[in-house]
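The structure appears right after this line, and notes come after that.
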Amino acid sequence: MDPVADIDNDAARATFARYDLNGDGHISVEEFKRVMAEMGDPFVTGPVAEAVLAAKDANGDGVVTFEEFFAAAKKI
Ligand SMILES: [Ca+2]
Ligand SMILES: [Ca+2]
């Protein structure tokens, strides 16, 4: 295992866990909106959060998995 990849993965898991409030392995729109609201970003409203999450939801099932959450980030 590449130790650098391990560190990245730990950070990624920690980031994902922050959004996955109920720990079921999926980020729902409601969870994403709540975390955004808690972070106090006045520019991220409900519709914006929905659009951001929908963009990450590759298979369109309404929730974002760990893989979906970081698939977009890897492409950049
Ligand atoms: Ca969840
Ligand atoms: Ca999905």
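Letters A, B, ... mark the chains of the structure tokens in the order given; residue numbers begin at 1 per chain; ligand numbers begin at 1, in order shown.
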_Surrounding residues of Phe69 in chain A excluding itself and chain neighbours under 2 positions, 9 Å, only C-alpha atoms, as a VMD selection string_ = chain A and resid 16 27 53 56 to 58 64 to 67 71 to 73
Could you save those same residues with N, CA and C atoms as a PDB file, in the first residue's frame?
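out_10.pdb, written as the output of this step:
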ATOM      1  N   PHE A  16     -15.919  12.538   4.435  1.00  0.00           N
ATOM      2  CA  PHE A  16     -17.209  11.898   4.130  1.00  0.00           C
ATOM      3  C   PHE A  16     -18.038  11.725   5.400  1.00  0.00           C
ATOM      4  N   ILE A  27     -24.604   9.946   1.740  1.00  0.00           N
ATOM      5  CA  ILE A  27     -24.928  11.334   2.062  1.00  0.00           C
ATOM      6  C   ILE A  27     -26.232  11.667   1.351  1.00  0.00           C
ATOM      7  N   LEU A  53     -25.192  18.246  -4.707  1.00  0.00           N
ATOM      8  CA  LEU A  53     -25.269  16.826  -4.402  1.00  0.00           C
ATOM      9  C   LEU A  53     -25.709  16.026  -5.631  1.00  0.00           C
ATOM     10  N   LYS A  56     -22.982  15.160  -7.904  1.00  0.00           N
ATOM     11  CA  LYS A  56     -22.121  14.065  -7.431  1.00  0.00           C
ATOM     12  C   LYS A  56     -22.819  12.708  -7.505  1.00  0.00           C
ATOM     13  N   ASP A  57     -24.145  12.734  -7.566  1.00  0.00           N
ATOM     14  CA  ASP A  57     -24.915  11.494  -7.551  1.00  0.00           C
ATOM     15  C   ASP A  57     -24.893  10.847  -8.936  1.00  0.00           C
ATOM     16  N   ALA A  58     -23.837  10.060  -9.167  1.00  0.00           N
ATOM     17  CA  ALA A  58     -23.589   9.517 -10.505  1.00  0.00           C
ATOM     18  C   ALA A  58     -24.703   8.588 -10.996  1.00  0.00           C
ATOM     19  N   VAL A  64     -25.530  10.026  -2.127  1.00  0.00           N
ATOM     20  CA  VAL A  64     -24.163   9.974  -2.645  1.00  0.00           C
ATOM     21  C   VAL A  64     -23.319   9.040  -1.777  1.00  0.00           C
ATOM     22  N   THR A  65     -22.721   8.047  -2.407  1.00  0.00           N
ATOM     23  CA  THR A  65     -21.844   7.120  -1.691  1.00  0.00           C
ATOM     24  C   THR A  65     -20.443   7.719  -1.598  1.00  0.00           C
ATOM     25  N   PHE A  66     -19.604   7.059  -0.786  1.00  0.00           N
ATOM     26  CA  PHE A  66     -18.207   7.490  -0.673  1.00  0.00           C
ATOM     27  C   PHE A  66     -17.551   7.542  -2.049  1.00  0.00           C
ATOM     28  N   GLU A  67     -17.785   6.525  -2.866  1.00  0.00           N
ATOM     29  CA  GLU A  67     -17.172   6.469  -4.196  1.00  0.00           C
ATOM     30  C   GLU A  67     -17.667   7.619  -5.072  1.00  0.00           C
ATOM     31  N   ALA A  71     -15.431  10.580  -6.656  1.00  0.00           N
ATOM     32  CA  ALA A  71     -15.194  10.328  -8.075  1.00  0.00           C
ATOM     33  C   ALA A  71     -15.005  11.645  -8.810  1.00  0.00           C
ATOM     34  N   ALA A  72     -15.813  12.631  -8.487  1.00  0.00           N
ATOM     35  CA  ALA A  72     -15.703  13.936  -9.136  1.00  0.00           C
ATOM     36  C   ALA A  72     -14.382  14.607  -8.786  1.00  0.00           C
ATOM     37  N   ALA A  73     -13.969  14.469  -7.530  1.00  0.00           N
ATOM     38  CA  ALA A  73     -12.733  15.104  -7.090  1.00  0.00           C
ATOM     39  C   ALA A  73     -11.521  14.514  -7.805  1.00  0.00           C
TER      40      ALA A  73
END
*asked:* List as an MDAnalysis selection string the protein and nucleic acid residues lying within 12 Å of ligand 1, with only C-alpha atoms and all ligand atoms counted.
replied: chainID A and resid 16:35 62:66
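With CA of Asp10 in chain A on one side and CA of Ala51 in chain A on the other, the separation reads 26.5 Å.
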*Apply DSSP to the structure's backbone, then extract all residues of chain A labelled alpha helix (DSSP H) and return them as JSON, numbers by chain.*
{"A": [3, 4, 5, 6, 7, 8, 9, 10, 11, 12, 13, 14, 15, 16, 17, 18, 19, 29, 30, 31, 32, 33, 34, 35, 36, 37, 38, 46, 47, 48, 49, 50, 51, 52, 53, 54, 55, 56, 66, 67, 68, 69, 70, 71, 72, 73, 74, 75]}
*Please give the complete set of residues from chain A that DSSP, run on the backbone, assigns to strand (DSSP E or B), formatted as a VMD selection string.*
chain A and resid 26 to 28 63 to 65
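Counting only C-alpha atoms and all ligand atoms and comparing A:Ala12, A:Phe43, A:Asp61, A:Phe70, the residue that lies closest to ligand 2 is A:Asp61.
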*Counting only C-alpha atoms and all ligand atoms, the option among A:Glu68, A:Asp41, A:Thr15, A:Gly46 closest to ligand 2*: A:Glu68
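Nearest residue to ligand 2, choosing from A:Ala11, A:Ala49, A:Met36, A:Ala55 and counting only C-alpha atoms and all ligand atoms: A:Ala55.
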